[in-house]
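Undergrad: To be precise about what I am sending: the file is called upload.pdb and holds PDB, C-alpha atoms.
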ATOM      1  CA  MET A  79     -24.802 180.867 -18.560
ATOM      2  CA  ASN A  80     -24.720 180.852 -14.748
ATOM      3  CA  LEU A  81     -27.005 183.722 -13.768
ATOM      4  CA  THR A  82     -26.379 183.315 -10.031
ATOM      5  CA  LYS A  83     -23.003 185.005 -10.039
ATOM      6  CA  LEU A  84     -23.520 187.619 -12.724
ATOM      7  CA  ALA A  85     -23.084 191.213 -11.562
ATOM      8  CA  LEU A  86     -25.914 193.618 -12.388
ATOM      9  CA  LYS A  87     -24.084 195.300 -15.266
ATOM     10  CA  ASN A  88     -23.121 191.995 -16.884
ATOM     11  CA  LEU A  89     -26.619 190.593 -16.442
ATOM     12  CA  ALA A  90     -28.093 193.732 -18.019
ATOM     13  CA  CYS A  91     -25.728 193.319 -21.000
ATOM     14  CA  PHE A  92     -26.556 189.631 -21.286
ATOM     15  CA  ILE A  93     -30.322 190.288 -21.276
ATOM     16  CA  TYR A  94     -29.991 193.207 -23.676
ATOM     17  CA  GLU A  95     -27.898 191.134 -26.118
ATOM     18  CA  THR A  96     -30.248 188.137 -25.843
ATOM     19  CA  LEU A  97     -33.257 190.334 -26.649
ATOM     20  CA  LYS A  98     -31.384 192.084 -29.452
ATOM     21  CA  LYS A  99     -30.527 188.761 -31.089
ATOM     22  CA  ALA A 100     -34.262 188.010 -31.080
ATOM     23  CA  GLY A 101     -34.937 191.345 -32.783
ATOM     24  CA  ILE A 102     -36.165 193.082 -29.610
ATOM     25  CA  ASP A 103     -34.845 196.570 -28.932
ATOM     26  CA  ALA A 104     -34.782 197.660 -25.291
ATOM     27  CA  VAL A 105     -33.311 200.420 -23.138
ATOM     28  CA  LEU A 106     -32.226 200.068 -19.526
ATOM     29  CA  VAL A 107     -33.679 202.780 -17.272
ATOM     30  CA  GLY A 108     -34.228 203.350 -13.547
ATOM     31  CA  GLY A 109     -32.148 202.342 -10.540
ATOM     32  CA  ALA A 110     -29.980 199.850 -12.446
ATOM     33  CA  CYS A 111     -28.498 202.783 -14.394
ATOM     34  CA  VAL A 112     -27.650 204.408 -11.050
ATOM     35  CA  SER A 113     -25.863 201.215  -9.955
ATOM     36  CA  ILE A 114     -23.866 201.090 -13.183
ATOM     37  CA  TYR A 115     -22.933 204.781 -13.231
ATOM     38  CA  SER A 116     -22.143 204.952  -9.517
ATOM     39  CA  LYS A 117     -20.040 201.779  -9.757
ATOM     40  CA  ASN A 118     -22.384 200.025  -7.329
ATOM     41  CA  ARG A 119     -22.264 202.673  -4.606
ATOM     42  CA  TYR A 120     -26.017 202.254  -4.912
ATOM     43  CA  GLN A 121     -27.153 198.672  -5.380
ATOM     44  CA  SER A 122     -30.362 198.107  -7.303
ATOM     45  CA  PHE A 123     -31.968 194.702  -7.650
ATOM     46  CA  ASP A 124     -34.384 195.777 -10.393
ATOM     47  CA  LEU A 125     -33.446 195.819 -14.035
ATOM     48  CA  ASP A 126     -36.048 198.070 -15.658
ATOM     49  CA  PHE A 127     -36.117 197.831 -19.439
ATOM     50  CA  VAL A 128     -38.367 199.872 -21.715
ATOM     51  CA  THR A 129     -39.395 198.217 -24.960
ATOM     52  CA  TYR A 130     -42.174 198.601 -27.499
ATOM     53  CA  GLU A 131     -42.250 194.840 -27.995
ATOM     54  CA  GLU A 132     -45.151 192.679 -26.793
ATOM     55  CA  LEU A 133     -44.514 190.969 -23.444
ATOM     56  CA  LYS A 134     -45.456 187.670 -25.050
ATOM     57  CA  SER A 135     -42.476 187.945 -27.431
ATOM     58  CA  ILE A 136     -40.170 188.807 -24.531
ATOM     59  CA  GLU A 137     -41.475 185.813 -22.608
ATOM     60  CA  GLU A 138     -40.636 183.538 -25.549
ATOM     61  CA  VAL A 139     -37.026 184.729 -25.378
ATOM     62  CA  LEU A 140     -36.592 184.702 -21.599
ATOM     63  CA  LYS A 141     -38.458 181.510 -20.749
ATOM     64  CA  PRO A 142     -35.778 179.183 -22.188
ATOM     65  CA  LEU A 143     -33.261 180.961 -19.888
ATOM     66  CA  GLY A 144     -35.351 179.986 -16.861
ATOM     67  CA  PHE A 145     -37.138 183.315 -16.278
ATOM     68  CA  LEU A 146     -40.743 183.119 -15.143
ATOM     69  CA  ARG A 147     -43.203 185.880 -15.983
ATOM     70  CA  THR A 148     -45.372 187.591 -13.370
ATOM     71  CA  GLY A 149     -47.244 190.495 -14.982
ATOM     72  CA  ARG A 150     -44.645 192.779 -16.554
ATOM     73  CA  CYS A 151     -41.832 191.266 -14.455
ATOM     74  CA  PHE A 152     -39.607 188.240 -14.889
ATOM     75  CA  ILE A 153     -37.910 186.374 -12.063
ATOM     76  CA  HIS A 154     -35.337 183.609 -12.104
ATOM     77  CA  PRO A 155     -35.066 181.184  -9.161
ATOM     78  CA  GLU A 156     -31.259 181.462  -9.134
ATOM     79  CA  CYS A 157     -30.912 185.147  -9.908
ATOM     80  CA  PRO A 158     -31.270 187.892  -7.265
ATOM     81  CA  TYR A 159     -32.336 190.484  -9.835
ATOM     82  CA  LEU A 160     -35.839 191.213 -11.076
ATOM     83  CA  LEU A 161     -36.428 192.085 -14.718
ATOM     84  CA  ASP A 162     -39.218 194.621 -15.191
ATOM     85  CA  PHE A 163     -40.432 195.653 -18.646
ATOM     86  CA  VAL A 164     -41.791 199.132 -18.147
ATOM     87  CA  ASN A 165     -44.541 200.472 -20.385
ATOM     88  CA  PRO A 166     -43.208 202.953 -22.982
ATOM     89  CA  PRO A 167     -42.574 205.747 -23.839
ATOM     90  CA  ILE A 168     -39.224 206.620 -22.320
ATOM     91  CA  ALA A 169     -39.822 210.017 -20.837
ATOM     92  CA  ILE A 170     -38.539 212.107 -17.985
ATOM     93  CA  GLY A 171     -41.402 214.322 -16.960
ATOM     94  CA  ASN A 172     -42.738 216.025 -20.070
ATOM     95  CA  GLU A 173     -39.568 215.376 -22.025
ATOM     96  CA  ALA A 174     -39.308 212.407 -24.414
ATOM     97  CA  VAL A 175     -35.912 210.700 -24.265
ATOM     98  CA  THR A 176     -34.513 209.865 -27.686
ATOM     99  CA  GLU A 177     -30.755 209.662 -27.192
ATOM    100  CA  PHE A 178     -29.160 206.865 -25.230
ATOM    101  CA  LYS A 179     -25.724 205.708 -24.225
ATOM    102  CA  THR A 180     -24.336 202.436 -25.521
ATOM    103  CA  MET A 181     -21.689 200.751 -23.411
ATOM    104  CA  LYS A 182     -19.721 197.635 -24.143
ATOM    105  CA  THR A 183     -18.530 194.900 -21.815
ATOM    106  CA  SER A 184     -17.210 191.366 -22.312
ATOM    107  CA  PHE A 185     -20.843 190.258 -22.076
ATOM    108  CA  GLY A 186     -21.824 192.437 -25.026
ATOM    109  CA  SER A 187     -23.308 195.867 -25.403
ATOM    110  CA  LEU A 188     -26.018 197.654 -23.443
ATOM    111  CA  GLN A 189     -28.242 200.585 -24.316
ATOM    112  CA  LEU A 190     -29.133 202.752 -21.319
ATOM    113  CA  LEU A 191     -30.025 206.278 -20.224
ATOM    114  CA  THR A 192     -27.208 208.807 -20.521
ATOM    115  CA  PRO A 193     -25.705 209.918 -17.185
ATOM    116  CA  THR A 194     -27.508 213.284 -17.479
ATOM    117  CA  ASP A 195     -30.864 211.600 -18.139
ATOM    118  CA  CYS A 196     -30.198 209.165 -15.295
ATOM    119  CA  VAL A 197     -29.688 212.145 -12.959
ATOM    120  CA  LYS A 198     -32.877 213.751 -14.314
ATOM    121  CA  ASP A 199     -34.788 210.501 -13.807
ATOM    122  CA  ARG A 200     -33.772 210.373 -10.132
ATOM    123  CA  LEU A 201     -34.339 214.086  -9.647
ATOM    124  CA  ALA A 202     -37.855 213.762 -11.080
ATOM    125  CA  ALA A 203     -38.738 211.469  -8.176
ATOM    126  CA  PHE A 204     -37.169 213.965  -5.758
ATOM    127  CA  PHE A 205     -39.087 216.841  -7.366
ATOM    128  CA  HIS A 206     -42.480 215.147  -7.229
ATOM    129  CA  TRP A 207     -42.327 213.062  -4.057
ATOM    130  CA  ASN A 208     -39.535 214.702  -2.057
ATOM    131  CA  ASP A 209     -37.845 211.316  -2.077
ATOM    132  CA  ALA A 210     -34.498 211.773  -0.331
ATOM    133  CA  GLN A 211     -33.221 208.392  -1.575
ATOM    134  CA  SER A 212     -33.688 209.562  -5.168
ATOM    135  CA  LEU A 213     -31.781 212.782  -4.433
ATOM    136  CA  GLU A 214     -28.928 210.734  -2.966
ATOM    137  CA  GLN A 215     -28.891 208.481  -6.044
ATOM    138  CA  ALA A 216     -28.784 211.511  -8.350
ATOM    139  CA  LEU A 217     -25.805 212.793  -6.366
ATOM    140  CA  LEU A 218     -24.027 209.430  -6.610
ATOM    141  CA  VAL A 219     -24.326 209.486 -10.399
ATOM    142  CA  ALA A 220     -23.319 213.148 -10.596
ATOM    143  CA  GLU A 221     -20.192 212.434  -8.535
ATOM    144  CA  SER A 222     -19.106 209.594 -10.800
ATOM    145  CA  GLN A 223     -20.080 210.820 -14.267
ATOM    146  CA  LYS A 224     -19.969 213.943 -16.392
ATOM    147  CA  MET A 225     -23.307 215.733 -16.564
ATOM    148  CA  ASP A 226     -24.635 218.317 -18.992
ATOM    149  CA  LEU A 227     -25.407 220.982 -16.401
ATOM    150  CA  LYS A 228     -26.913 223.404 -18.902
ATOM    151  CA  ASP A 229     -29.360 220.751 -20.109
ATOM    152  CA  LEU A 230     -30.163 219.796 -16.512
ATOM    153  CA  LYS A 231     -30.971 223.397 -15.584
ATOM    154  CA  GLN A 232     -33.168 223.905 -18.659
ATOM    155  CA  TRP A 233     -35.057 220.711 -17.905
ATOM    156  CA  ALA A 234     -35.634 221.589 -14.246
ATOM    157  CA  LYS A 235     -36.918 225.014 -15.273
ATOM    158  CA  ALA A 236     -39.334 223.465 -17.780
ATOM    159  CA  GLU A 237     -40.546 221.069 -15.082
ATOM    160  CA  GLY A 238     -41.086 223.990 -12.703
ATOM    161  CA  HIS A 239     -38.644 222.739 -10.081
ATOM    162  CA  GLU A 240     -35.709 225.145 -10.170
ATOM    163  CA  ASP A 241     -35.731 225.458  -6.370
ATOM    164  CA  LYS A 242     -35.232 221.750  -5.863
ATOM    165  CA  LEU A 243     -32.491 221.695  -8.491
ATOM    166  CA  LYS A 244     -30.712 224.374  -6.450
ATOM    167  CA  ARG A 245     -30.797 222.015  -3.455
ATOM    168  CA  PHE A 246     -29.264 219.267  -5.612
ATOM    169  CA  LEU A 247     -26.545 221.580  -6.955
ATOM    170  CA  LYS A 248     -25.764 222.834  -3.448
ATOM    171  CA  ASP A 249     -25.337 219.274  -2.160
ATOM    172  CA  PHE A 250     -23.325 218.351  -5.225
ATOM    173  CA  LYS A 251     -20.969 221.289  -4.714
ATOM    174  CA  ALA A 252     -20.576 220.485  -1.030
ATOM    175  CA  ARG A 253     -19.580 216.920  -1.829
ATOM    176  CA  SER A 254     -17.220 217.714  -4.753
TER     177      SER A 254
ATOM    178  CA  MET B  73     -48.183 202.688 -25.293
ATOM    179  CA  LEU B  74     -51.795 203.519 -24.487
ATOM    180  CA  GLU B  75     -53.522 200.154 -24.932
ATOM    181  CA  TYR B  76     -53.946 199.781 -21.172
ATOM    182  CA  LEU B  77     -56.337 202.727 -21.276
ATOM    183  CA  PHE B  78     -58.861 200.925 -23.403
ATOM    184  CA  ALA B  79     -58.934 197.684 -21.477
ATOM    185  CA  ASN B  80     -62.428 197.847 -19.966
ATOM    186  CA  LYS B  81     -65.331 199.998 -18.811
ATOM    187  CA  ASN B  82     -63.839 200.543 -15.353
ATOM    188  CA  VAL B  83     -60.964 202.572 -16.798
ATOM    189  CA  GLU B  84     -63.052 205.622 -17.666
ATOM    190  CA  LYS B  85     -64.867 205.477 -14.331
ATOM    191  CA  ILE B  86     -61.608 205.405 -12.398
ATOM    192  CA  LEU B  87     -60.086 208.199 -14.466
ATOM    193  CA  MET B  88     -63.136 210.409 -14.053
ATOM    194  CA  TYR B  89     -63.185 209.729 -10.303
ATOM    195  CA  LEU B  90     -59.493 210.579  -9.969
ATOM    196  CA  SER B  91     -59.931 213.738 -12.030
ATOM    197  CA  LEU B  92     -62.334 214.893  -9.328
ATOM    198  CA  HIS B  93     -60.804 213.525  -6.150
ATOM    199  CA  GLY B  94     -57.109 212.998  -6.895
ATOM    200  CA  LYS B  95     -56.729 209.667  -5.132
ATOM    201  CA  ALA B  96     -58.691 206.528  -4.358
ATOM    202  CA  TYR B  97     -58.412 202.949  -3.148
ATOM    203  CA  ALA B  98     -59.978 199.866  -4.685
ATOM    204  CA  LYS B  99     -62.630 199.178  -2.046
ATOM    205  CA  GLN B 100     -63.747 202.797  -2.098
ATOM    206  CA  LEU B 101     -64.186 202.699  -5.890
ATOM    207  CA  SER B 102     -65.971 199.359  -5.701
ATOM    208  CA  ARG B 103     -68.480 200.866  -3.234
ATOM    209  CA  GLN B 104     -68.782 204.091  -5.197
ATOM    210  CA  PHE B 105     -69.573 202.359  -8.489
ATOM    211  CA  ASP B 106     -71.430 199.452  -6.876
ATOM    212  CA  ALA B 107     -69.101 197.155  -8.809
ATOM    213  CA  PRO B 108     -67.234 193.966  -7.861
ATOM    214  CA  LEU B 109     -63.886 194.595  -6.164
ATOM    215  CA  ASP B 110     -61.741 192.216  -8.195
ATOM    216  CA  PRO B 111     -62.138 193.903 -11.626
ATOM    217  CA  ILE B 112     -61.527 197.301 -10.018
ATOM    218  CA  GLN B 113     -58.318 196.020  -8.419
ATOM    219  CA  LYS B 114     -57.198 194.535 -11.737
ATOM    220  CA  THR B 115     -57.915 197.780 -13.597
ATOM    221  CA  LEU B 116     -56.005 199.852 -11.044
ATOM    222  CA  LYS B 117     -53.068 197.450 -11.422
ATOM    223  CA  LYS B 118     -53.210 197.799 -15.220
ATOM    224  CA  LEU B 119     -53.253 201.590 -14.981
ATOM    225  CA  GLU B 120     -50.295 201.439 -12.619
ATOM    226  CA  GLU B 121     -48.386 199.113 -14.934
ATOM    227  CA  GLY B 122     -49.169 201.495 -17.792
ATOM    228  CA  GLY B 123     -47.459 204.253 -15.814
ATOM    229  CA  LEU B 124     -50.477 206.536 -15.501
ATOM    230  CA  LEU B 125     -51.026 205.852 -11.801
ATOM    231  CA  VAL B 126     -48.747 205.249  -8.847
ATOM    232  CA  SER B 127     -49.667 203.736  -5.515
ATOM    233  CA  PHE B 128     -48.591 204.097  -1.909
ATOM    234  CA  LEU B 129     -49.419 202.059   1.156
ATOM    235  CA  GLU B 130     -51.190 204.029   3.891
ATOM    236  CA  GLY B 131     -51.497 201.623   6.783
ATOM    237  CA  LYS B 132     -52.857 198.518   5.122
ATOM    238  CA  THR B 133     -54.604 200.383   2.315
ATOM    239  CA  ARG B 134     -53.075 200.833  -1.119
ATOM    240  CA  ILE B 135     -53.922 204.334  -2.331
ATOM    241  CA  PHE B 136     -53.759 205.078  -6.053
ATOM    242  CA  GLN B 137     -53.152 208.513  -7.521
ATOM    243  CA  TRP B 138     -51.961 210.155 -10.736
ATOM    244  CA  ASN B 139     -48.300 209.671 -11.584
ATOM    245  CA  PRO B 140     -46.922 213.222 -11.842
ATOM    246  CA  ARG B 141     -44.036 211.879 -13.950
ATOM    247  CA  TYR B 142     -46.280 210.407 -16.658
ATOM    248  CA  PRO B 143     -45.697 212.247 -19.976
ATOM    249  CA  PHE B 144     -49.340 212.236 -21.147
ATOM    250  CA  LEU B 145     -50.838 213.037 -17.753
ATOM    251  CA  ALA B 146     -52.223 216.507 -18.559
ATOM    252  CA  GLU B 147     -53.878 215.256 -21.752
ATOM    253  CA  ILE B 148     -55.505 212.234 -20.104
ATOM    254  CA  GLN B 149     -56.689 214.299 -17.144
ATOM    255  CA  ALA B 150     -58.249 216.784 -19.565
ATOM    256  CA  VAL B 151     -60.104 214.002 -21.405
ATOM    257  CA  ALA B 152     -61.319 212.507 -18.112
ATOM    258  CA  LYS B 153     -62.541 215.892 -16.840
ATOM    259  CA  LYS B 154     -64.352 216.606 -20.099
ATOM    260  CA  ALA B 155     -65.915 213.119 -20.183
ATOM    261  CA  TYR B 156     -67.215 213.701 -16.637
ATOM    262  CA  MET B 157     -68.883 216.940 -17.748
ATOM    263  CA  PHE B 158     -70.847 214.973 -20.347
ATOM    264  CA  LEU B 159     -72.286 212.545 -17.785
ATOM    265  CA  PRO B 160     -75.927 212.914 -16.790
ATOM    266  CA  GLU B 161     -76.257 214.834 -13.537
ATOM    267  CA  LYS B 162     -77.794 211.842 -11.783
ATOM    268  CA  ILE B 163     -74.755 209.660 -12.501
ATOM    269  CA  GLN B 164     -72.419 212.496 -11.495
ATOM    270  CA  GLU B 165     -74.170 212.653  -8.133
ATOM    271  CA  THR B 166     -74.562 208.946  -7.444
ATOM    272  CA  GLN B 167     -71.203 207.658  -8.636
ATOM    273  CA  TYR B 168     -68.743 210.512  -8.473
ATOM    274  CA  SER B 169     -69.610 212.749  -5.555
ATOM    275  CA  SER B 170     -67.649 211.771  -2.483
ATOM    276  CA  LEU B 171     -69.214 212.272   0.911
ATOM    277  CA  GLN B 172     -66.102 210.976   2.571
ATOM    278  CA  ARG B 173     -64.618 213.306   5.182
ATOM    279  CA  LYS B 174     -61.512 215.003   3.780
ATOM    280  CA  ARG B 175     -60.759 217.533   6.523
ATOM    281  CA  PRO B 176     -58.582 216.393   9.445
ATOM    282  CA  ARG B 177     -59.936 215.083  12.734
ATOM    283  CA  ARG B 178     -57.738 215.072  15.837
ATOM    284  CA  THR B 179     -56.757 211.657  17.222
ATOM    285  CA  GLY B 180     -58.835 210.623  20.219
ATOM    286  CA  LYS B 181     -61.892 212.717  19.385
ATOM    287  CA  PRO B 182     -65.071 210.613  19.435
ATOM    288  CA  LEU B 183     -66.523 209.908  15.961
TER     289      LEU B 183
END
Output the file's structure in the form of structure tokens.
TA:
Amino acid sequence: MNLTKLALKNLACFIYETLKKAGIDAVLVGGACVSIYSKNRYQSFDLDFVTYEELKSIEEVLKPLGFLRTGRCFIHPECPYLLDFVNPPIAIGNEAVTEFKTMKTSFGSLQLLTPTDCVKDRLAAFFHWNDAQSLEQALLVAESQKMDLKDLKQWAKAEGHEDKLKRFLKDFKARS
Amino acid sequence: MLEYLFANKNVEKILMYLSLHGKAYAKQLSRQFDAPLDPIQKTLKKLEEGGLLVSFLEGKTRIFQWNPRYPFLAEIQAVAKKAYMFLPEKIQETQYSSLQRKRPRRTGKPL
């Protein structure tokens, strides 16, 4: 497998399938989901996976592919993307995430955050740190995918950030 | 999920300090606890990798603080606060009270 030319989505599928074959379950989260859902209108170079598996077991699977471990991350000399294995659980604020989306490509399947959870994940960074880049990424996903608005509103209320959700919805409406 | 919390003795010190002061940097903690810098830096990194802390660069200093997005944050903060209350008063004063200036000081004013 030539990792140099693999697009982010295909690389994510390839890594997910490789881990799955070794009995390791993982979920793609973070900016890579934004790239996939926004059809690369935002380009991430980090592939953040959450897994309950020991890093040592992951290293045993990824090392033969040429990935080198540094802490919780894996880099490949010929691949522009960084693999980061984020400490579980998968949560967005106080809410545990238990349902995921599975997509299929010619490189295999991939388990990742649903579009609504991806928007929540970006909005959480906007809520807590006023990060304008995260707001923009949430908007990019919202423009490209169907969201569960009711769920989004309930979540923002529970997080105590209804005002900032209003800002997001206003921008979303203006751009639709 | 939580194994990073039980890595070493510096963890509880850092958590108790943050429960009082909100943010800290490695050198400051090393001075405060009269402990070597390297293990403090490693512990902060572990806590960050665990998701409990986040860090930002302010100038050349990496400042660590609670991660508001961490799902068990309130529970861990509560444990840290309670653990601090059980410390002998002398240790509370010597290791956890910060005499560092927190109020602003206008640029150009002599120290």
Undergrad: Mind listing as a PyMOL selection string which residues of chain B are within 7 Å of chain A, counting all atoms listed in the file?
TA: chain B and resi 73+121-123+140-143
Undergrad: Hey, can you check how far atom CA of Asp106 of chain B sits from atom CA of Thr166 of chain B?
TA: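 Atom CA of Asp106 of chain B sits 10.0 Å away from atom CA of Thr166 of chain B.
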Undergrad: Please measure the separation of atom CA of Ala220 of chain A and atom CA of Leu243 of chain A, giving the value in Å to one decimal.
TA: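 A separation of 12.7 Å between them.
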Undergrad: Decode the PyMOL selection byres ((chain B and resi 105) around 9) for the given file into explicit residues and return them as a count of residues only.
TA: 12
Undergrad: Just the number, please: distance in Å from atom CA of Leu133 of chain A to atom CA of Lys114 of chain B, one decimal.
TA: 17.6 Å
Undergrad: Let me make sure I understand: among B:Ile135, B:Val126, B:Leu159, B:Leu119, which one has the smallest atom-to-atom distance to Lys95 of chain B if we use all atoms listed in the file?
TA: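 Answer, going by the shortest atom-to-atom distance: B:Ile135.
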Undergrad: Run the PyMOL selection byres ((chain A and resi 196) around 8) against the file shown and list the residues it catches, as a ChimeraX atom specification.
TA: /A:107-108,111-112,191-195,197-200,216,219
Undergrad: Which residues are close to Gly101 of chain A, i.e. within 10 Å by only C-alpha atoms, leaving aside same-chain residues fewer than 5 positions away? Reply as a list in words.
TA: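 Here the answer would be Glu95, Thr96, Glu131 and Ser135 of chain A.
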Undergrad: When distances are computed from all atoms listed in the file, which of B:Lys162, B:Lys153, B:Tyr97, B:Glu147 shows the smallest separation from Glu130 of chain B?
TA: B:Tyr97
Undergrad: So, with all atoms listed in the file as the atoms that count, which of A:Leu227, A:Ala210, A:Ala252, A:Leu161 lies closest to Ala90 of chain A?
TA: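 Smallest separation from Ala90 of chain A among the options: A:Leu161.
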Undergrad: Excluding Val139 of chain A and its own-chain neighbours fewer than 6 positions away, which residues fall within 10 Å of it when counting only C-alpha atoms? Please give them as a ChimeraX atom specification.
TA: /A:93,96-97,99-100,102,133,145
Undergrad: Go ahead and write the selection's residues with C-alpha atoms as a PDB file, in the coordinates of the input.
TA:
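Saved the output as selection18.pdb:
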ATOM      1  CA  ILE A  93     -30.322 190.288 -21.276  1.00  0.00           C
ATOM      2  CA  THR A  96     -30.248 188.137 -25.843  1.00  0.00           C
ATOM      3  CA  LEU A  97     -33.257 190.334 -26.649  1.00  0.00           C
ATOM      4  CA  LYS A  99     -30.527 188.761 -31.089  1.00  0.00           C
ATOM      5  CA  ALA A 100     -34.262 188.010 -31.080  1.00  0.00           C
ATOM      6  CA  ILE A 102     -36.165 193.082 -29.610  1.00  0.00           C
ATOM      7  CA  LEU A 133     -44.514 190.969 -23.444  1.00  0.00           C
ATOM      8  CA  PHE A 145     -37.138 183.315 -16.278  1.00  0.00           C
TER       9      PHE A 145
END
Undergrad: Here's the selection I'm unsure about, the PyMOL selection byres ((chain A and resi 155) around 12); applied to the file above, which residues does it give, as a compact mmCIF listing (two decimals) with C-alpha atoms, in the coordinates of the input?
TA:
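File written: part.txt
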# COMPACT_ATOMS: atom_id res chain seq x y z
CA ASN A 80 -24.72 180.85 -14.75
CA LEU A 81 -27.00 183.72 -13.77
CA THR A 82 -26.38 183.32 -10.03
CA LEU A 143 -33.26 180.96 -19.89
CA GLY A 144 -35.35 179.99 -16.86
CA PHE A 145 -37.14 183.32 -16.28
CA LEU A 146 -40.74 183.12 -15.14
CA ARG A 147 -43.20 185.88 -15.98
CA PHE A 152 -39.61 188.24 -14.89
CA ILE A 153 -37.91 186.37 -12.06
CA HIS A 154 -35.34 183.61 -12.10
CA GLU A 156 -31.26 181.46 -9.13
CA CYS A 157 -30.91 185.15 -9.91
CA PRO A 158 -31.27 187.89 -7.26
CA TYR A 159 -32.34 190.48 -9.84
CA LEU A 160 -35.84 191.21 -11.08
Undergrad: Nearest to Ala155 of chain B: which of B:Leu92, B:Ser170, B:Ser127, B:Lys132 is it, counting only C-alpha atoms?
TA: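 So, comparing all the options, the nearest one is B:Leu92.
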Undergrad: Is it possible to produce a file of segment 91-96 of chain B from this structure, with all heavy atoms, as a short mmCIF file (atom, residue, chain, number, x, y, z; two decimals), in the first residue's frame?
TA:
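Output below, filename part.cif:
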data_model
loop_
_atom_site.label_atom_id
_atom_site.label_comp_id
_atom_site.auth_asym_id
_atom_site.auth_seq_id
_atom_site.Cartn_x
_atom_site.Cartn_y
_atom_site.Cartn_z
N SER B 91 -6.93 22.84 41.34
CA SER B 91 -8.27 23.06 41.92
C SER B 91 -8.32 24.39 42.67
O SER B 91 -9.37 24.98 42.84
CB SER B 91 -8.66 21.90 42.84
OG SER B 91 -7.94 21.97 44.05
N LEU B 92 -7.14 24.86 43.09
CA LEU B 92 -7.09 26.14 43.80
C LEU B 92 -6.83 27.32 42.87
O LEU B 92 -7.37 28.39 43.03
CB LEU B 92 -5.96 26.11 44.84
CG LEU B 92 -6.15 25.15 46.01
CD1 LEU B 92 -4.86 25.05 46.80
CD2 LEU B 92 -7.28 25.63 46.89
N HIS B 93 -5.94 27.11 41.89
CA HIS B 93 -5.46 28.24 41.10
C HIS B 93 -5.89 28.23 39.63
O HIS B 93 -5.62 29.20 38.93
CB HIS B 93 -3.93 28.31 41.19
CG HIS B 93 -3.45 28.40 42.61
ND1 HIS B 93 -3.63 29.52 43.39
CD2 HIS B 93 -2.83 27.50 43.41
CE1 HIS B 93 -3.14 29.32 44.59
NE2 HIS B 93 -2.65 28.09 44.64
N GLY B 94 -6.43 27.12 39.16
CA GLY B 94 -6.98 27.10 37.81
C GLY B 94 -5.98 26.82 36.71
O GLY B 94 -6.31 26.13 35.74
N LYS B 95 -4.78 27.38 36.81
CA LYS B 95 -3.79 27.12 35.77
C LYS B 95 -2.38 27.17 36.36
O LYS B 95 -2.17 27.75 37.44
CB LYS B 95 -3.93 28.09 34.60
CG LYS B 95 -3.84 29.55 34.94
CD LYS B 95 -4.08 30.37 33.67
CE LYS B 95 -3.95 31.86 33.96
NZ LYS B 95 -4.12 32.67 32.74
N ALA B 96 -1.45 26.56 35.63
CA ALA B 96 -0.07 26.51 36.14
C ALA B 96 0.87 26.12 35.01
O ALA B 96 0.43 25.57 33.99
CB ALA B 96 0.04 25.47 37.26
#
